[in-house]
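Enquirer: After the structure tokens below, expect a handful of questions from me.
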Amino acid sequence: MTVTPAAPATPASPGISTTPAPSASLAPLTERLAAGETYRPRTLDTLRIADKDLRLVLEGRRHLLFDGGMGTMLQAAGMAAGEVPELLNLMNPEVITRVHAAYVEAGSEVVTTNTFGANALKLGDAASVEDVFTAAVQAARAAHPRYVAADIGPIGALLRPLGTLSFDEAYALFAQQARVAEQAGADLIVIETMTDLLEVKAAVLAAKECTNLPIIATMTFEADGRTFLGTSPEIAAASLDALGVDALGINCSLGPKEIRPFAQRMLAVTNKPLIVQANAGLPRVENGQTVYDITPEDYAEAVGDIIADGAGIVGGCCGTTPAYIRLLAQKLGGHKPEPRSATHPFTCTSAQKLTTLDGRRIAVIGERINPTGKKKLQAALRAGDLAYIVGQGISQQEQGADVLDVNVGLPEIDEPAMMVRACEELQGSTLLPLQIDSTSPVAIEAAVRRYPGKPIINSVNGKRESMDAVLPIAAHYGCDIVALTLDEAGIPATAEARLQIAERIVKEAARYGIGRERILVDCLVMTASTNQHQVLDILRAVELCREHLGVRTSLGVSNVSFGLPARELLNATFLAAALGAGLDAAIMNPGSDRYMDVVRSFRVLNSEDEGSAAFIERYAGAPDPYKVADGHAEAPRTGGSANAMAEPATMNAAAASTTGGSAAEPGASSADANDTIRHLIITGRKGDMPAATRTALQKCDPMKLINECFIPALDEVGDRFDRGAFFLPQLMASAEAARAGFDTIRAVMPASELGDKGGIALATVKGDIHDIGKNIVRMLLENYGYVVFDLGRDVDPHAILDAVRERDLKLVGLSALMTTTVANMEETIKLLHREAPEVKIIVGGAVLTPEYAEQIGADFYAKDAAATARIVEDVLKE
């Protein structure tokens, strides 16, 4: 960890120590700072780097060649199908060393330990993490590589809110691996094949806080350019860069030609060294063996293009052998990376959405999740009613917000705990990045530590106490900051004085490694009723900060009208003036049509809205509320939805949520109640579903409600998922909302009347202990109303056959993640087709393709949970 006791003789840089970092303490950063420790920013100078050449690599001035696929080589060496590769470090280390040696002989400078799945959850009682990592590093060293990289792969379980594993539990698993890796003598830590941005953050923090080793982190993307959980290459790169990894990139899933565009997108948002380790194309079965369709020559040529684009570190993943690495070594011979020092724009992210401010794009930061002056929100916070908070977030997203400000501060509640809960629920239901708004450093740290992506901290100011408390948190957890132009003397009256405070914060942030591209300066809006002469100074301060500091700016727009009538009119006018002065991000209520009219109009004028497409879609044919005809204004609009073509249900429910009203009032008509339920399912608001369902049941037959409301809503969610408008978290949130409604119906209706939609058995095949995909499919199918018999993971083919016979099932779903276990999947399929020919079999998993599924005899291939649900519906309704 890079937090150390303050050195007595380093007065030149307040708040930053230059003393060596001791062993890590795992107490919260805020707790250690309060105890007198001083934050030491993580740089290459603080790391244990093996030699000067590795440092050149991490500086982006030298190439580095990794090895290829371990599993591919072990299969070729005769590893039995289903055998746990990591246990070979203990049982047969010689074969592991031979694999490493083959790659070293081919030119690999780095070999990656055979520890991809060596965490305590996966190993169970089979072996200890310490023993496996120690043996793995020894086996790697025996091959005499230049560097040994300790390999850390995914845990194999979903983190909350999708799964049951907490962030802290994941962190503990990764921390154990990281510590042992360093103790065993590894030179690097490689965190690879990640699909969940929250999981990779837990792993990176564990490596940062428990070791002094360089960290490389990679994520794996599917053909649509998103990870399994919806993270894009840009989001991954921006988040991992800010978090402080030393190199980042892509591995697995696809071949080098398919990966190249994703690598280019990463290069566009980071200057960190980029690593690419592609697969040797798509797998297929040939003579009982898994083979890949890209030759070493074609692979090397395609990777050569990626190197030319700017990738500094390359190697191979599934299907690549020493023959591939040998040709890559020839490609790299004598070649040096081109310097990369581009200036990148301000970005903040959730796990699925990137918001960029580049001097032309502007953003709306939704202000409604703040208890100040909001009695209903205050009551919800005191009652722990997160459904209300989620409703506020969803409404603001629908109304056009780009970021959600989240403030849950009330004196009588546990703010850190509530902030974590609120952020977790919002991340599971909305796509938007969050701005963590609190005066409590403890609450800020609790939230940003567990945040998947790159959040904004609101705020830090020019007071020494504030900078010393907040900047270490932002630096350590990879956050942006809102910098308020006030200090010990208060809020200055002039634009120049505001600029001076902003400059002071920018310089101090730089000491922590926080560049100006991660700073929003807020020049603090004063009310025109009491500080009228300062209003123009505020606008000029915005101009000065952009011009002299090169930072982006934000303002809380509504403050200007406090104490005056016609507040929306004054706020909208001030907003237009501020945007003209260069404001980048307005903190405002997106539910105000007047405010959003200004924003949409300005996006046309500043060319952000190319071709005025969004403006035309919103306003073409719509009444003008400001036009006076025959002495009367035209009918006002309602709802504030971002989409002019939004269905009335969406508009009405959004408006109800924004005002704090119930989504389904007792007196609502049947159509209104059904529309409300449809909206709640689509937006994943499970907390509001029981009450809405009970209201609907007063007007509607239960089965009609299910068939005409629940199922069509879930189908629409599936369609949005297929189109890339929704991602897995939103899909699962909608399924959970539907289940809350189904449970309400079951409570008042006999099960016999609900009918039986049929059953399906699910299993991860023998030898494979990865069950994330299977578990997601189970949850979705259960929420559609199917009976699911989950047989678990590492399931013997005969156990699956027994389950089919005992329960008279017509459908089985099989999952496999590893190429080494696809043979067991094929064996299971053959057994079921022979002994239970009436059974249909669906297969899925990261290593499968439609062609691969057909080759091993499956009846259906499902690329994801939504596709599985459609297949199950088609099969079981026959």
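By convention here, the chains of the structure tokens are called A, B, ... in the order presented, each chain's residues are numbered starting at 1, and ligands are numbered starting at 1 in the order presented.
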From a DSSP calculation on the backbone, collect every residue of region 432-578 of chain A in strand (DSSP E) and output the set as a VMD selection string.
Expert: chain A and resid 434 to 437 456 to 461 480 to 484 519 to 522 552 to 556
Enquirer: Once you have the residues from the selection above, write them out as an mmCIF file, in the first residue's frame, restricted to N, CA and C atoms.
Expert:
data_model
loop_
_atom_site.group_PDB
_atom_site.id
_atom_site.type_symbol
_atom_site.label_atom_id
_atom_site.label_comp_id
_atom_site.auth_asym_id
_atom_site.auth_seq_id
_atom_site.Cartn_x
_atom_site.Cartn_y
_atom_site.Cartn_z
ATOM 1 N N LEU A 434 -22.169 8.021 -11.715
ATOM 2 C CA LEU A 434 -22.617 8.679 -10.493
ATOM 3 C C LEU A 434 -21.610 9.720 -10.029
ATOM 4 N N GLN A 435 -22.149 10.775 -9.429
ATOM 5 C CA GLN A 435 -21.346 11.790 -8.768
ATOM 6 C C GLN A 435 -21.614 11.653 -7.270
ATOM 7 N N ILE A 436 -20.597 11.253 -6.525
ATOM 8 C CA ILE A 436 -20.741 10.983 -5.099
ATOM 9 C C ILE A 436 -20.647 12.300 -4.351
ATOM 10 N N ASP A 437 -21.751 12.717 -3.751
ATOM 11 C CA ASP A 437 -21.882 14.055 -3.187
ATOM 12 C C ASP A 437 -21.994 13.951 -1.671
ATOM 13 N N ILE A 456 -17.372 10.623 -10.115
ATOM 14 C CA ILE A 456 -16.980 11.982 -9.759
ATOM 15 C C ILE A 456 -17.202 12.158 -8.254
ATOM 16 N N ILE A 457 -16.256 12.795 -7.599
ATOM 17 C CA ILE A 457 -16.424 13.151 -6.188
ATOM 18 C C ILE A 457 -16.837 14.615 -6.109
ATOM 19 N N ASN A 458 -17.941 14.864 -5.447
ATOM 20 C CA ASN A 458 -18.438 16.218 -5.232
ATOM 21 C C ASN A 458 -18.463 16.483 -3.718
ATOM 22 N N SER A 459 -17.389 17.067 -3.154
ATOM 23 C CA SER A 459 -16.433 17.898 -3.862
ATOM 24 C C SER A 459 -15.196 18.071 -2.991
ATOM 25 N N VAL A 460 -14.212 18.791 -3.563
ATOM 26 C CA VAL A 460 -13.054 19.271 -2.823
ATOM 27 C C VAL A 460 -13.016 20.780 -2.985
ATOM 28 N N ASN A 461 -12.451 21.478 -2.021
ATOM 29 C CA ASN A 461 -12.309 22.927 -2.165
ATOM 30 C C ASN A 461 -10.886 23.351 -1.830
ATOM 31 N N ASP A 480 -12.761 11.267 -10.648
ATOM 32 C CA ASP A 480 -12.733 12.676 -11.009
ATOM 33 C C ASP A 480 -13.130 13.487 -9.785
ATOM 34 N N ILE A 481 -12.904 14.796 -9.848
ATOM 35 C CA ILE A 481 -13.290 15.650 -8.725
ATOM 36 C C ILE A 481 -13.989 16.907 -9.215
ATOM 37 N N VAL A 482 -14.925 17.385 -8.398
ATOM 38 C CA VAL A 482 -15.477 18.728 -8.546
ATOM 39 C C VAL A 482 -14.707 19.624 -7.589
ATOM 40 N N ALA A 483 -14.090 20.665 -8.127
ATOM 41 C CA ALA A 483 -13.270 21.581 -7.330
ATOM 42 C C ALA A 483 -14.029 22.882 -7.118
ATOM 43 N N LEU A 484 -14.393 23.164 -5.872
ATOM 44 C CA LEU A 484 -15.140 24.370 -5.539
ATOM 45 C C LEU A 484 -14.188 25.528 -5.281
ATOM 46 N N ILE A 519 -10.733 16.980 -13.691
ATOM 47 C CA ILE A 519 -11.220 18.008 -12.771
ATOM 48 C C ILE A 519 -12.334 18.825 -13.415
ATOM 49 N N LEU A 520 -13.438 18.981 -12.662
ATOM 50 C CA LEU A 520 -14.503 19.918 -12.986
ATOM 51 C C LEU A 520 -14.417 21.059 -11.976
ATOM 52 N N VAL A 521 -14.176 22.263 -12.437
ATOM 53 C CA VAL A 521 -14.140 23.411 -11.529
ATOM 54 C C VAL A 521 -15.541 24.008 -11.437
ATOM 55 N N ASP A 522 -16.007 24.153 -10.205
ATOM 56 C CA ASP A 522 -17.310 24.763 -9.940
ATOM 57 C C ASP A 522 -17.065 26.153 -9.345
ATOM 58 N N ARG A 552 -12.497 21.483 -17.341
ATOM 59 C CA ARG A 552 -13.928 21.554 -17.595
ATOM 60 C C ARG A 552 -14.617 22.164 -16.364
ATOM 61 N N THR A 553 -15.820 22.660 -16.549
ATOM 62 C CA THR A 553 -16.491 23.405 -15.486
ATOM 63 C C THR A 553 -17.898 22.874 -15.235
ATOM 64 N N SER A 554 -18.363 23.062 -13.998
ATOM 65 C CA SER A 554 -19.742 22.719 -13.645
ATOM 66 C C SER A 554 -20.308 23.839 -12.784
ATOM 67 N N LEU A 555 -21.623 23.934 -12.728
ATOM 68 C CA LEU A 555 -22.303 24.926 -11.895
ATOM 69 C C LEU A 555 -23.634 24.342 -11.412
ATOM 70 N N GLY A 556 -24.017 24.657 -10.187
ATOM 71 C CA GLY A 556 -25.347 24.354 -9.693
ATOM 72 C C GLY A 556 -26.293 25.467 -10.104
#
Enquirer: If you count only C-alpha atoms, which residues fall within 8 Å of Arg504 (chain A), apart from same-chain ones fewer than 4 positions away, as JSON, numbers by chain?
Expert: {"A": [462, 500, 508]}
Enquirer: Just write the chosen residues, N, CA and C atoms, as a PDB file, in the first residue's frame.
Expert:
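Result file out36.pdb:
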ATOM      1  N   GLY A 462     -10.640  24.640  -1.837  1.00  0.00           N
ATOM      2  CA  GLY A 462      -9.288  25.149  -1.656  1.00  0.00           C
ATOM      3  C   GLY A 462      -8.777  25.145  -0.240  1.00  0.00           C
ATOM      4  N   GLN A 500      -7.800  31.910  -8.991  1.00  0.00           N
ATOM      5  CA  GLN A 500      -6.620  31.599  -8.174  1.00  0.00           C
ATOM      6  C   GLN A 500      -6.846  30.365  -7.300  1.00  0.00           C
ATOM      7  N   GLU A 508      -2.368  21.216  -6.689  1.00  0.00           N
ATOM      8  CA  GLU A 508      -2.300  20.226  -5.609  1.00  0.00           C
ATOM      9  C   GLU A 508      -2.755  18.856  -6.105  1.00  0.00           C
TER      10      GLU A 508
END
Enquirer: Give one line per residue of region 798-849 of chain A that approaches region 860-867 of chain A to at most 7 Å, naming the two atoms of the closest pair and their distance in Å to one decimal, counting only C-alpha atoms; sort by chain then ascending residue number and deliver it as CSV.
Expert:
residue,atom,partner,partner_atom,distance
A:Ile841,CA,A:Phe860,CA,6.3
A:Ile842,CA,A:Phe860,CA,4.6
A:Val843,CA,A:Tyr861,CA,5.2
A:Gly844,CA,A:Ala862,CA,5.3
Enquirer: Using only C-alpha atoms, which residues sit within 9 Å of Ser529 (chain A) once same-chain residues fewer than 5 positions away are excluded, as a PDB file with C-alpha atoms, in the first residue's frame?
Expert:
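Final output, saved to around26.pdb:
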ATOM      1  CA  VAL A 560     -29.061  31.769  -8.889  1.00  0.00           C
ATOM      2  CA  SER A 561     -32.827  32.213  -8.447  1.00  0.00           C
ATOM      3  CA  PHE A 562     -33.201  31.519  -4.739  1.00  0.00           C
ATOM      4  CA  GLY A 563     -35.594  33.970  -3.124  1.00  0.00           C
ATOM      5  CA  LEU A 564     -36.992  35.273  -6.425  1.00  0.00           C
TER       6      LEU A 564
END
Enquirer: For each of A:Gly857, A:Gly845, A:Gly281, A:Gly69, take the minimum atom-to-atom distance to Val111 (chain A), counting only C-alpha atoms, then give the residue where this is smallest.
Expert: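 With only C-alpha atoms as the atom set, the closest residue is A:Gly69.
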Enquirer: What is the CA of Asp67 (chain A) to CA of Lys201 (chain A) distance in Å?
Expert: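 CA of Asp67 (chain A) sits 24.5 Å away from CA of Lys201 (chain A).
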Enquirer: Could you list, as a list in words, every residue within 12 Å of Thr372 (chain A), counting only C-alpha atoms and ignoring same-chain residues fewer than 2 positions away?
Expert: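 Final neighbour list, sorted by chain and number: Glu367, Arg368, Ile369, Asn370, Lys374, Lys375, Lys376, Leu377, Gln378, Ala379, Leu381, Val406, Asn407, Val408, Gly409, Leu410 and Pro411 of chain A.
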Enquirer: What is the CA of Gly310 (chain A) to CA of Ala242 (chain A) distance in Å?
Expert: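 So the two atoms, CA of Gly310 (chain A) and CA of Ala242 (chain A), lie 19.6 Å apart.
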Enquirer: What does the structure give for the distance between CA of Glu782 (chain A) and CA of Ala869 (chain A), in Å to one decimal?
Expert: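 Between CA of Glu782 (chain A) and CA of Ala869 (chain A) the gap is 9.9 Å.
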Enquirer: Counting only C-alpha atoms, what is within 12 Å of Leu404 (chain A), bar same-chain residues fewer than 6 positions away, as a tab-separated table (two decimals) with N, CA and C atoms, in the first residue's frame?
Expert:
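Output file selection.tsv follows:
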chain	number	residue	atom	x	y	z
A	348	CYS	N	-16.19	10.49	-17.31
A	348	CYS	CA	-16.63	9.75	-16.13
A	348	CYS	C	-17.45	8.57	-16.64
A	349	THR	N	-17.49	7.50	-15.87
A	349	THR	CA	-18.14	6.30	-16.39
A	349	THR	C	-18.92	5.57	-15.29
A	350	SER	N	-19.92	4.85	-15.73
A	350	SER	CA	-20.47	3.74	-14.97
A	350	SER	C	-19.85	2.49	-15.58
A	355	THR	N	-19.48	9.14	-20.17
A	355	THR	CA	-19.85	10.53	-20.42
A	355	THR	C	-18.57	11.33	-20.64
A	363	ALA	N	-22.94	18.23	-20.50
A	363	ALA	CA	-23.60	17.17	-19.74
A	363	ALA	C	-24.58	17.78	-18.75
A	364	VAL	N	-25.63	17.01	-18.48
A	364	VAL	CA	-26.60	17.35	-17.44
A	364	VAL	C	-26.37	16.43	-16.25
A	365	ILE	N	-26.09	17.00	-15.10
A	365	ILE	CA	-25.91	16.24	-13.87
A	365	ILE	C	-27.21	16.36	-13.07
A	366	GLY	N	-27.93	15.26	-12.95
A	366	GLY	CA	-29.22	15.28	-12.26
A	366	GLY	C	-29.06	15.52	-10.77
A	367	GLU	N	-29.82	16.47	-10.23
A	367	GLU	CA	-29.63	16.92	-8.85
A	367	GLU	C	-30.68	16.39	-7.88
A	368	ARG	N	-31.60	15.52	-8.32
A	368	ARG	CA	-32.79	15.22	-7.53
A	368	ARG	C	-32.53	14.26	-6.36
A	369	ILE	N	-31.41	13.54	-6.37
A	369	ILE	CA	-31.13	12.65	-5.23
A	369	ILE	C	-30.31	13.43	-4.22
A	370	ASN	N	-30.98	14.31	-3.53
A	370	ASN	CA	-30.38	15.17	-2.52
A	370	ASN	C	-31.48	15.56	-1.55
A	389	ILE	N	-35.33	6.02	-4.07
A	389	ILE	CA	-34.09	6.57	-4.62
A	389	ILE	C	-33.86	6.05	-6.04
A	390	VAL	N	-34.08	4.75	-6.24
A	390	VAL	CA	-33.93	4.18	-7.57
A	390	VAL	C	-34.91	4.84	-8.54
A	392	GLN	N	-36.07	7.85	-8.44
A	392	GLN	CA	-35.53	9.17	-8.78
A	392	GLN	C	-34.42	9.06	-9.83
A	393	GLY	N	-33.57	8.06	-9.67
A	393	GLY	CA	-32.49	7.88	-10.63
A	393	GLY	C	-33.00	7.51	-12.01
A	394	ILE	N	-33.94	6.57	-12.07
A	394	ILE	CA	-34.48	6.14	-13.36
A	394	ILE	C	-35.21	7.29	-14.04
A	395	SER	N	-35.98	8.05	-13.28
A	395	SER	CA	-36.70	9.18	-13.87
A	395	SER	C	-35.74	10.19	-14.49
A	396	GLN	N	-34.68	10.51	-13.78
A	396	GLN	CA	-33.72	11.48	-14.31
A	396	GLN	C	-33.00	10.94	-15.54
A	397	GLN	N	-32.73	9.65	-15.56
A	397	GLN	CA	-32.13	9.05	-16.76
A	397	GLN	C	-33.08	9.20	-17.94
A	398	GLU	N	-34.37	8.91	-17.73
A	398	GLU	CA	-35.35	9.04	-18.81
A	398	GLU	C	-35.51	10.48	-19.26
A	422	ALA	N	-27.24	2.90	-1.68
A	422	ALA	CA	-27.89	3.68	-2.73
A	422	ALA	C	-27.15	3.55	-4.05
A	423	CYS	N	-25.84	3.65	-4.00
A	423	CYS	CA	-25.04	3.55	-5.23
A	423	CYS	C	-25.16	2.15	-5.85
A	426	LEU	N	-28.58	1.90	-7.53
A	426	LEU	CA	-28.63	2.73	-8.73
A	426	LEU	C	-27.82	2.11	-9.86
A	427	GLN	N	-26.67	1.53	-9.53
A	427	GLN	CA	-25.84	0.90	-10.56
A	427	GLN	C	-26.51	-0.33	-11.15
A	430	THR	N	-29.80	1.74	-13.34
A	430	THR	CA	-29.59	2.78	-14.34
A	430	THR	C	-28.23	2.55	-15.02
A	431	LEU	N	-28.05	3.23	-16.13
A	431	LEU	CA	-26.79	3.14	-16.86
A	431	LEU	C	-25.83	4.28	-16.52
A	432	LEU	N	-26.31	5.29	-15.82
A	432	LEU	CA	-25.58	6.55	-15.74
A	432	LEU	C	-24.42	6.51	-14.75
A	433	PRO	N	-23.33	7.23	-15.05
A	433	PRO	CA	-22.27	7.45	-14.06
A	433	PRO	C	-22.81	8.21	-12.86
A	434	LEU	N	-22.17	8.02	-11.71
A	434	LEU	CA	-22.62	8.68	-10.49
A	434	LEU	C	-21.61	9.72	-10.03
A	435	GLN	N	-22.15	10.78	-9.43
A	435	GLN	CA	-21.35	11.79	-8.77
A	435	GLN	C	-21.61	11.65	-7.27
A	436	ILE	N	-20.60	11.25	-6.52
A	436	ILE	CA	-20.74	10.98	-5.10
A	436	ILE	C	-20.65	12.30	-4.35
A	437	ASP	N	-21.75	12.72	-3.75
A	437	ASP	CA	-21.88	14.06	-3.19
A	437	ASP	C	-21.99	13.95	-1.67
A	455	PRO	N	-16.07	7.35	-11.08
A	455	PRO	CA	-17.07	8.30	-10.60
A	455	PRO	C	-16.48	9.69	-10.42
A	456	ILE	N	-17.37	10.62	-10.12
A	456	ILE	CA	-16.98	11.98	-9.76
A	456	ILE	C	-17.20	12.16	-8.25
A	457	ILE	N	-16.26	12.79	-7.60
A	457	ILE	CA	-16.42	13.15	-6.19
A	457	ILE	C	-16.84	14.62	-6.11
A	458	ASN	N	-17.94	14.86	-5.45
A	458	ASN	CA	-18.44	16.22	-5.23
A	458	ASN	C	-18.46	16.48	-3.72
A	585	ALA	N	-20.85	21.25	-17.63
A	585	ALA	CA	-21.77	20.36	-16.93
A	585	ALA	C	-22.67	21.16	-16.00
A	586	ALA	N	-23.96	21.10	-16.25
A	586	ALA	CA	-24.93	21.82	-15.43
A	586	ALA	C	-25.54	20.86	-14.42
A	587	ILE	N	-25.45	21.19	-13.14
A	587	ILE	CA	-26.13	20.43	-12.09
A	587	ILE	C	-27.53	21.01	-11.97
A	588	MET	N	-28.54	20.22	-12.36
A	588	MET	CA	-29.89	20.76	-12.50
A	588	MET	C	-30.92	19.65	-12.44
A	589	ASN	N	-32.17	20.03	-12.47
A	589	ASN	CA	-33.27	19.09	-12.50
A	589	ASN	C	-33.65	18.79	-13.94
A	590	PRO	N	-33.34	17.60	-14.44
A	590	PRO	CA	-33.68	17.29	-15.83
A	590	PRO	C	-35.18	17.12	-16.05
Enquirer: Neighbours of Gly490 (chain A) within 10 Å (only C-alpha atoms; same-chain residues fewer than 3 positions away dropped), as an MDAnalysis selection string?
Expert: chainID A and resid 462:463 485:487 493
Enquirer: Using C-alpha atoms, can you export the residues from the last selection as an mmCIF file, in the first residue's frame?
Expert:
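The result, stored in out25.cif:
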data_model
loop_
_atom_site.group_PDB
_atom_site.id
_atom_site.type_symbol
_atom_site.label_atom_id
_atom_site.label_comp_id
_atom_site.auth_asym_id
_atom_site.auth_seq_id
_atom_site.Cartn_x
_atom_site.Cartn_y
_atom_site.Cartn_z
ATOM 1 C CA GLY A 462 -9.288 25.149 -1.656
ATOM 2 C CA LYS A 463 -9.076 24.622 2.101
ATOM 3 C CA THR A 485 -13.620 27.835 -5.689
ATOM 4 C CA LEU A 486 -13.709 28.594 -1.980
ATOM 5 C CA ASP A 487 -11.070 28.419 0.723
ATOM 6 C CA ALA A 493 -16.305 37.997 -4.978
#
Enquirer: Excluding region 808-818 of chain A and any residue of its chain fewer than 2 positions from it, enumerate the residues within 7 Å of it, using only C-alpha atoms, and give them as a list of chain:residue names.
Expert: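 Answer for this query is A:Gly759, A:Ile760, A:Ala761, A:Leu762, A:Ala763, A:Thr764, A:Val765, A:Asp768, A:His770, A:Lys774, A:Val804, A:Arg805, A:Glu806, A:Thr820, A:Thr821, A:Val822, A:Glu838, A:Val839, A:Lys840, A:Ile841, A:Ile842, A:Val843, A:Gly844, A:Gly845, A:Ala846, A:Val847.
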Enquirer: Just asking: which residues within region 99-250 of chain A are helix (DSSP H, G or I) according to DSSP, as a VMD selection string?
Expert: chain A and resid 99 to 106 120 to 123 129 to 141 167 to 184 197 to 210 233 to 243
Enquirer: Using C-alpha atoms, can you export the residues from the last selection as a compact mmCIF listing (two decimals), in the first residue's frame?
Expert:
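Result file part.txt:
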# COMPACT_ATOMS: atom_id res chain seq x y z
CA VAL A 99 5.26 -25.57 -21.23
CA HIS A 100 6.94 -22.43 -19.90
CA ALA A 101 10.29 -23.50 -21.35
CA ALA A 102 8.75 -23.99 -24.78
CA TYR A 103 7.50 -20.41 -24.74
CA VAL A 104 10.83 -19.08 -23.45
CA GLU A 105 12.63 -20.90 -26.25
CA ALA A 106 10.20 -19.33 -28.73
CA ALA A 120 -9.77 -20.05 -2.45
CA LEU A 121 -13.35 -20.25 -3.74
CA LYS A 122 -12.43 -22.37 -6.76
CA LEU A 123 -9.75 -24.49 -5.10
CA VAL A 129 -3.77 -20.79 -2.50
CA GLU A 130 -0.32 -20.43 -0.92
CA ASP A 131 0.83 -23.87 -2.03
CA VAL A 132 -0.48 -23.51 -5.58
CA PHE A 133 1.02 -20.05 -6.18
CA THR A 134 4.36 -20.98 -4.62
CA ALA A 135 4.63 -24.13 -6.75
CA ALA A 136 3.48 -22.25 -9.85
CA VAL A 137 6.11 -19.52 -9.50
CA GLN A 138 8.78 -22.16 -8.88
CA ALA A 139 7.71 -24.07 -11.99
CA ALA A 140 7.87 -20.87 -14.01
CA ARG A 141 11.29 -19.87 -12.66
CA PHE A 167 -17.04 -6.55 -3.00
CA ASP A 168 -15.18 -7.06 0.28
CA GLU A 169 -15.34 -10.86 -0.09
CA ALA A 170 -13.97 -10.59 -3.62
CA TYR A 171 -11.24 -8.26 -2.44
CA ALA A 172 -10.19 -10.72 0.27
CA LEU A 173 -9.87 -13.53 -2.27
CA PHE A 174 -7.74 -11.41 -4.59
CA ALA A 175 -5.65 -10.00 -1.74
CA GLN A 176 -4.69 -13.50 -0.69
CA GLN A 177 -3.51 -14.28 -4.21
CA ALA A 178 -1.61 -11.00 -4.58
CA ARG A 179 0.27 -11.37 -1.31
CA VAL A 180 1.31 -14.93 -2.04
CA ALA A 181 2.36 -14.01 -5.58
CA GLU A 182 4.77 -11.37 -4.30
CA GLN A 183 6.08 -13.61 -1.52
CA ALA A 184 6.68 -16.40 -4.04
CA LEU A 197 -15.54 -3.86 -14.00
CA LEU A 198 -16.29 -4.12 -10.28
CA GLU A 199 -14.48 -7.45 -10.03
CA VAL A 200 -11.39 -6.17 -11.83
CA LYS A 201 -11.41 -3.13 -9.53
CA ALA A 202 -11.40 -5.41 -6.48
CA ALA A 203 -8.45 -7.30 -7.96
CA VAL A 204 -6.50 -4.15 -8.84
CA LEU A 205 -7.05 -2.63 -5.40
CA ALA A 206 -5.94 -5.88 -3.77
CA ALA A 207 -2.74 -5.88 -5.83
CA LYS A 208 -2.13 -2.14 -5.17
CA GLU A 209 -2.74 -2.36 -1.46
CA CYS A 210 -1.02 -5.67 -0.75
CA PRO A 233 -13.22 -0.78 -24.38
CA GLU A 234 -13.28 2.98 -23.70
CA ILE A 235 -14.91 2.54 -20.30
CA ALA A 236 -12.46 -0.19 -19.35
CA ALA A 237 -9.43 1.84 -20.43
CA ALA A 238 -10.53 5.11 -18.81
CA SER A 239 -11.43 3.39 -15.53
CA LEU A 240 -8.33 1.20 -15.27
CA ASP A 241 -6.03 4.06 -16.24
CA ALA A 242 -7.45 6.29 -13.49
CA LEU A 243 -7.33 3.41 -11.01
Enquirer: Of the candidates A:Met79, A:Ser232, A:Ala475, A:Arg361, which shows the shortest atom-to-atom distance to Ser607 (chain A), using only C-alpha atoms?
Expert: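 Using only C-alpha atoms, the shortest distance to Ser607 (chain A) belongs to A:Arg361.
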